[in-house]
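Student: Have a look at the structure that comes next, please.
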Amino acid sequence: MKITEILVIALGGALGSVLRAFVGQIALGFFPAFGLYLGVALVNIVGCFFAGAIVAFLNPSGLSQRLLVVGFFGGLTTFSAYALDSQGLLAESGFSWAKLCYVLGIPLGSVFGAWLGFSLFRGR
């Protein structure tokens, strides 16, 4: 990977991450009891929508793909790469166990991994 690509991804990721934190703080201000969760849900759902729309509409490639999809939406959402990959798999015709395992395995495995890591290292 070239240094230009790394810098473009870093710039997009920084902008997306800052926007995610900003949305989280706004949501927390409006909904103190569950604002951070609402902020994460909002950036993931809306961010995945726009990531899909941009990929479908603009079909970015090269540096623009790195800036927008990998960098910005990767930093903004915690789920856009998974969502786009899953959409691509589900758009293909035919059933496969590999598709099902990917689409269901990542969210379930991620939650399980977070629980396991927390459980194993809590209080250490």
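In the structure tokens, chains take letters A, B, ... by order of appearance, with residues numbered from 1 within each chain and ligands from 1 in the order shown.
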Show me, as a PDB file with N, CA and C atoms, in the first residue's frame, the residues that have an atom within 8 Å of Leu11 of chain A when counting only C-alpha atoms, minus same-chain residues fewer than 2 positions from it.
Tutor:
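result_28.pdb written:
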```
ATOM      1  N   LEU A   7      -2.458   7.766   3.864  1.00  0.00           N
ATOM      2  CA  LEU A   7      -2.854   9.098   4.328  1.00  0.00           C
ATOM      3  C   LEU A   7      -4.316   9.404   4.008  1.00  0.00           C
ATOM      4  N   VAL A   8      -4.778   8.978   2.840  1.00  0.00           N
ATOM      5  CA  VAL A   8      -6.173   9.196   2.456  1.00  0.00           C
ATOM      6  C   VAL A   8      -7.101   8.409   3.375  1.00  0.00           C
ATOM      7  N   ILE A   9      -6.765   7.161   3.656  1.00  0.00           N
ATOM      8  CA  ILE A   9      -7.572   6.342   4.575  1.00  0.00           C
ATOM      9  C   ILE A   9      -7.570   6.972   5.966  1.00  0.00           C
ATOM     10  N   GLY A  13     -10.804   8.225   7.871  1.00  0.00           N
ATOM     11  CA  GLY A  13     -11.097   7.602   9.157  1.00  0.00           C
ATOM     12  C   GLY A  13     -11.185   8.602  10.283  1.00  0.00           C
ATOM     13  N   ALA A  14     -10.283   9.580  10.268  1.00  0.00           N
ATOM     14  CA  ALA A  14     -10.308  10.619  11.311  1.00  0.00           C
ATOM     15  C   ALA A  14     -11.608  11.418  11.232  1.00  0.00           C
ATOM     16  N   LEU A  15     -12.000  11.821  10.042  1.00  0.00           N
ATOM     17  CA  LEU A  15     -13.234  12.589   9.883  1.00  0.00           C
ATOM     18  C   LEU A  15     -14.457  11.769  10.307  1.00  0.00           C
ATOM     19  N   LEU A  67     -10.834   6.777   0.508  1.00  0.00           N
ATOM     20  CA  LEU A  67     -11.235   7.897   1.350  1.00  0.00           C
ATOM     21  C   LEU A  67     -12.645   7.706   1.894  1.00  0.00           C
ATOM     22  N   GLY A  71     -12.006   4.646   4.634  1.00  0.00           N
ATOM     23  CA  GLY A  71     -11.677   5.647   5.644  1.00  0.00           C
ATOM     24  C   GLY A  71     -12.881   6.233   6.355  1.00  0.00           C
ATOM     25  N   PHE A  72     -13.658   7.066   5.639  1.00  0.00           N
ATOM     26  CA  PHE A  72     -14.736   7.805   6.285  1.00  0.00           C
ATOM     27  C   PHE A  72     -15.801   6.886   6.881  1.00  0.00           C
TER      28      PHE A  72
END
```
Student: Quick one: residues within 9 Å of Gln25 of chain A, only C-alpha atoms, excluding same-chain residues fewer than 4 positions away - as a PyMOL selection string?
Tutor: chain A and resi 20-21+29-30+35-36+39
Student: Now that the selection is made, can you save its residues with all heavy atoms as a PDB file, in the first residue's frame?
Tutor:
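The resulting file, result38.pdb, is reproduced below:
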```
ATOM      1  N   ARG A  20     -18.658  10.443  14.356  1.00  0.00           N
ATOM      2  CA  ARG A  20     -19.310   9.444  15.216  1.00  0.00           C
ATOM      3  C   ARG A  20     -19.348   9.929  16.661  1.00  0.00           C
ATOM      4  O   ARG A  20     -20.372   9.839  17.341  1.00  0.00           O
ATOM      5  CB  ARG A  20     -18.589   8.102  15.142  1.00  0.00           C
ATOM      6  CG  ARG A  20     -19.208   7.071  16.058  1.00  0.00           C
ATOM      7  CD  ARG A  20     -18.643   5.679  15.910  1.00  0.00           C
ATOM      8  NE  ARG A  20     -17.357   5.611  15.274  1.00  0.00           N
ATOM      9  CZ  ARG A  20     -16.340   4.887  15.709  1.00  0.00           C
ATOM     10  NH1 ARG A  20     -16.458   4.166  16.798  1.00  0.00           N
ATOM     11  NH2 ARG A  20     -15.203   4.863  15.063  1.00  0.00           N
ATOM     12  N   ALA A  21     -18.236  10.451  17.162  1.00  0.00           N
ATOM     13  CA  ALA A  21     -18.194  10.963  18.540  1.00  0.00           C
ATOM     14  C   ALA A  21     -19.140  12.144  18.710  1.00  0.00           C
ATOM     15  O   ALA A  21     -19.842  12.248  19.723  1.00  0.00           O
ATOM     16  CB  ALA A  21     -16.769  11.367  18.901  1.00  0.00           C
ATOM     17  N   GLY A  29     -26.985  14.122  24.820  1.00  0.00           N
ATOM     18  CA  GLY A  29     -27.610  15.342  25.320  1.00  0.00           C
ATOM     19  C   GLY A  29     -29.131  15.283  25.260  1.00  0.00           C
ATOM     20  O   GLY A  29     -29.812  15.781  26.155  1.00  0.00           O
ATOM     21  N   PHE A  30     -29.665  14.668  24.222  1.00  0.00           N
ATOM     22  CA  PHE A  30     -31.118  14.568  24.067  1.00  0.00           C
ATOM     23  C   PHE A  30     -31.710  13.393  24.840  1.00  0.00           C
ATOM     24  O   PHE A  30     -32.842  13.458  25.308  1.00  0.00           O
ATOM     25  CB  PHE A  30     -31.501  14.430  22.585  1.00  0.00           C
ATOM     26  CG  PHE A  30     -31.451  15.719  21.837  1.00  0.00           C
ATOM     27  CD1 PHE A  30     -30.407  15.976  20.972  1.00  0.00           C
ATOM     28  CD2 PHE A  30     -32.440  16.680  22.002  1.00  0.00           C
ATOM     29  CE1 PHE A  30     -30.345  17.172  20.271  1.00  0.00           C
ATOM     30  CE2 PHE A  30     -32.395  17.882  21.311  1.00  0.00           C
ATOM     31  CZ  PHE A  30     -31.344  18.128  20.441  1.00  0.00           C
ATOM     32  N   GLY A  35     -28.354   7.571  25.346  1.00  0.00           N
ATOM     33  CA  GLY A  35     -27.877   8.371  24.226  1.00  0.00           C
ATOM     34  C   GLY A  35     -26.690   7.789  23.486  1.00  0.00           C
ATOM     35  O   GLY A  35     -26.635   7.836  22.266  1.00  0.00           O
ATOM     36  N   LEU A  36     -25.713   7.239  24.215  1.00  0.00           N
ATOM     37  CA  LEU A  36     -24.549   6.674  23.523  1.00  0.00           C
ATOM     38  C   LEU A  36     -24.943   5.481  22.672  1.00  0.00           C
ATOM     39  O   LEU A  36     -24.447   5.310  21.569  1.00  0.00           O
ATOM     40  CB  LEU A  36     -23.457   6.301  24.526  1.00  0.00           C
ATOM     41  CG  LEU A  36     -22.718   7.477  25.153  1.00  0.00           C
ATOM     42  CD1 LEU A  36     -21.686   6.994  26.159  1.00  0.00           C
ATOM     43  CD2 LEU A  36     -22.056   8.341  24.089  1.00  0.00           C
ATOM     44  N   GLY A  39     -26.676   6.842  19.673  1.00  0.00           N
ATOM     45  CA  GLY A  39     -25.697   7.417  18.759  1.00  0.00           C
ATOM     46  C   GLY A  39     -24.999   6.357  17.931  1.00  0.00           C
ATOM     47  O   GLY A  39     -24.831   6.502  16.718  1.00  0.00           O
TER      48      GLY A  39
END
```
Student: Can you list, as a PyMOL selection string, every protein, DNA or RNA residue that comes within 9 Å of Ala51 of chain A when you count only C-alpha atoms, leaving out same-chain residues fewer than 5 positions away?
Tutor: chain A and resi 46+56+68-69+73+80-81+84
Student: Using only N, CA, C and O atoms, please write the residues we just selected to a file, as a PDB file, in the first residue's frame.
Tutor:
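What follows is the written file again-v6.pdb:
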```pdb
ATOM      1  N   VAL A  46     -27.542   4.747   9.594  1.00  0.00           N
ATOM      2  CA  VAL A  46     -27.491   5.812   8.584  1.00  0.00           C
ATOM      3  C   VAL A  46     -26.193   5.721   7.792  1.00  0.00           C
ATOM      4  O   VAL A  46     -26.187   5.875   6.563  1.00  0.00           O
ATOM      5  N   ALA A  56     -23.202   2.172  -4.661  1.00  0.00           N
ATOM      6  CA  ALA A  56     -24.097   1.884  -5.784  1.00  0.00           C
ATOM      7  C   ALA A  56     -24.156   3.035  -6.784  1.00  0.00           C
ATOM      8  O   ALA A  56     -24.139   2.818  -7.991  1.00  0.00           O
ATOM      9  N   LEU A  68     -13.584   7.397   1.024  1.00  0.00           N
ATOM     10  CA  LEU A  68     -14.994   7.323   1.425  1.00  0.00           C
ATOM     11  C   LEU A  68     -15.346   6.025   2.135  1.00  0.00           C
ATOM     12  O   LEU A  68     -15.850   6.039   3.251  1.00  0.00           O
ATOM     13  N   VAL A  69     -15.119   4.901   1.480  1.00  0.00           N
ATOM     14  CA  VAL A  69     -15.617   3.625   1.998  1.00  0.00           C
ATOM     15  C   VAL A  69     -14.725   3.096   3.118  1.00  0.00           C
ATOM     16  O   VAL A  69     -15.200   2.814   4.223  1.00  0.00           O
ATOM     17  N   PHE A  73     -16.376   6.010   6.075  1.00  0.00           N
ATOM     18  CA  PHE A  73     -17.437   5.151   6.608  1.00  0.00           C
ATOM     19  C   PHE A  73     -16.896   4.085   7.550  1.00  0.00           C
ATOM     20  O   PHE A  73     -17.588   3.654   8.470  1.00  0.00           O
ATOM     21  N   SER A  80     -19.984  -0.813   8.656  1.00  0.00           N
ATOM     22  CA  SER A  80     -20.252  -0.603   7.232  1.00  0.00           C
ATOM     23  C   SER A  80     -19.568  -1.634   6.343  1.00  0.00           C
ATOM     24  O   SER A  80     -20.160  -2.090   5.364  1.00  0.00           O
ATOM     25  N   ALA A  81     -18.338  -2.024   6.643  1.00  0.00           N
ATOM     26  CA  ALA A  81     -17.665  -3.013   5.799  1.00  0.00           C
ATOM     27  C   ALA A  81     -18.416  -4.344   5.852  1.00  0.00           C
ATOM     28  O   ALA A  81     -18.655  -4.981   4.823  1.00  0.00           O
ATOM     29  N   LEU A  84     -21.745  -3.952   3.865  1.00  0.00           N
ATOM     30  CA  LEU A  84     -21.553  -3.972   2.417  1.00  0.00           C
ATOM     31  C   LEU A  84     -21.168  -5.357   1.924  1.00  0.00           C
ATOM     32  O   LEU A  84     -21.657  -5.813   0.887  1.00  0.00           O
TER      33      LEU A  84
END
```
Student: Looking only at alpha helix (DSSP H) from DSSP on the backbone, list the matching residues of chain A as a PyMOL selection string.
Tutor: chain A and resi 3-30+35-58+62-65+74-76+80-91+97-121
Student: Find the spatial neighbours of Leu100 of chain A, counting only C-alpha atoms, within a cut-off of 10 Å - ignore same-chain residues fewer than 5 positions away - and output them as a list in words.
Tutor: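 Non-adjacent residues within range: Ser86, Leu89, Leu90, Phe95 and Gly105 of chain A.
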Student: Using Å and a single decimal, report how far atom CA of Leu19 of chain A sits from atom CA of Thr77 of chain A.
Tutor: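 According to the coordinates, atom CA of Thr77 of chain A and atom CA of Leu19 of chain A are separated by 9.7 Å.
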Student: Using only C-alpha atoms, which residues sit within 9 Å of Phe79 of chain A once same-chain residues fewer than 6 positions away are excluded, as number ranges by chain?
Tutor: A: 44-45, 47-48, 73
Student: Output all heavy atoms of each residue in that selection to a file, as a PDB file, in the first residue's frame.
Tutor:
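Listing of part-v8.pdb after writing:
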```pdb
ATOM      1  N   ASN A  44     -24.423   3.778  12.710  1.00  0.00           N
ATOM      2  CA  ASN A  44     -24.301   2.515  11.983  1.00  0.00           C
ATOM      3  C   ASN A  44     -25.391   2.364  10.931  1.00  0.00           C
ATOM      4  O   ASN A  44     -25.110   2.017   9.782  1.00  0.00           O
ATOM      5  CB  ASN A  44     -24.308   1.324  12.947  1.00  0.00           C
ATOM      6  CG  ASN A  44     -22.940   1.066  13.497  1.00  0.00           C
ATOM      7  OD1 ASN A  44     -22.035   0.720  12.760  1.00  0.00           O
ATOM      8  ND2 ASN A  44     -22.779   1.263  14.785  1.00  0.00           N
ATOM      9  N   ILE A  45     -26.626   2.620  11.292  1.00  0.00           N
ATOM     10  CA  ILE A  45     -27.721   2.445  10.341  1.00  0.00           C
ATOM     11  C   ILE A  45     -27.656   3.484   9.226  1.00  0.00           C
ATOM     12  O   ILE A  45     -27.677   3.147   8.041  1.00  0.00           O
ATOM     13  CB  ILE A  45     -29.075   2.474  11.067  1.00  0.00           C
ATOM     14  CG1 ILE A  45     -29.189   1.248  11.983  1.00  0.00           C
ATOM     15  CG2 ILE A  45     -30.234   2.517  10.071  1.00  0.00           C
ATOM     16  CD1 ILE A  45     -30.314   1.326  12.987  1.00  0.00           C
ATOM     17  N   GLY A  47     -25.086   5.460   8.473  1.00  0.00           N
ATOM     18  CA  GLY A  47     -23.800   5.340   7.781  1.00  0.00           C
ATOM     19  C   GLY A  47     -23.775   4.187   6.799  1.00  0.00           C
ATOM     20  O   GLY A  47     -23.254   4.323   5.689  1.00  0.00           O
ATOM     21  N   CYS A  48     -24.340   3.045   7.178  1.00  0.00           N
ATOM     22  CA  CYS A  48     -24.402   1.904   6.257  1.00  0.00           C
ATOM     23  C   CYS A  48     -25.307   2.214   5.073  1.00  0.00           C
ATOM     24  O   CYS A  48     -25.018   1.817   3.940  1.00  0.00           O
ATOM     25  CB  CYS A  48     -24.871   0.648   6.987  1.00  0.00           C
ATOM     26  SG  CYS A  48     -23.616  -0.034   8.088  1.00  0.00           S
ATOM     27  N   PHE A  73     -16.376   6.010   6.075  1.00  0.00           N
ATOM     28  CA  PHE A  73     -17.437   5.151   6.608  1.00  0.00           C
ATOM     29  C   PHE A  73     -16.896   4.085   7.550  1.00  0.00           C
ATOM     30  O   PHE A  73     -17.588   3.654   8.470  1.00  0.00           O
ATOM     31  CB  PHE A  73     -18.269   4.531   5.482  1.00  0.00           C
ATOM     32  CG  PHE A  73     -19.161   5.539   4.820  1.00  0.00           C
ATOM     33  CD1 PHE A  73     -18.925   5.956   3.534  1.00  0.00           C
ATOM     34  CD2 PHE A  73     -20.219   6.104   5.510  1.00  0.00           C
ATOM     35  CE1 PHE A  73     -19.727   6.900   2.926  1.00  0.00           C
ATOM     36  CE2 PHE A  73     -21.030   7.053   4.931  1.00  0.00           C
ATOM     37  CZ  PHE A  73     -20.784   7.459   3.628  1.00  0.00           C
TER      38      PHE A  73
END
```
Student: Quick one: pull the distance between atom CA of Glu92 of chain A and atom CA of Pro107 of chain A, Å, one decimal.
Tutor: 20.3 Å
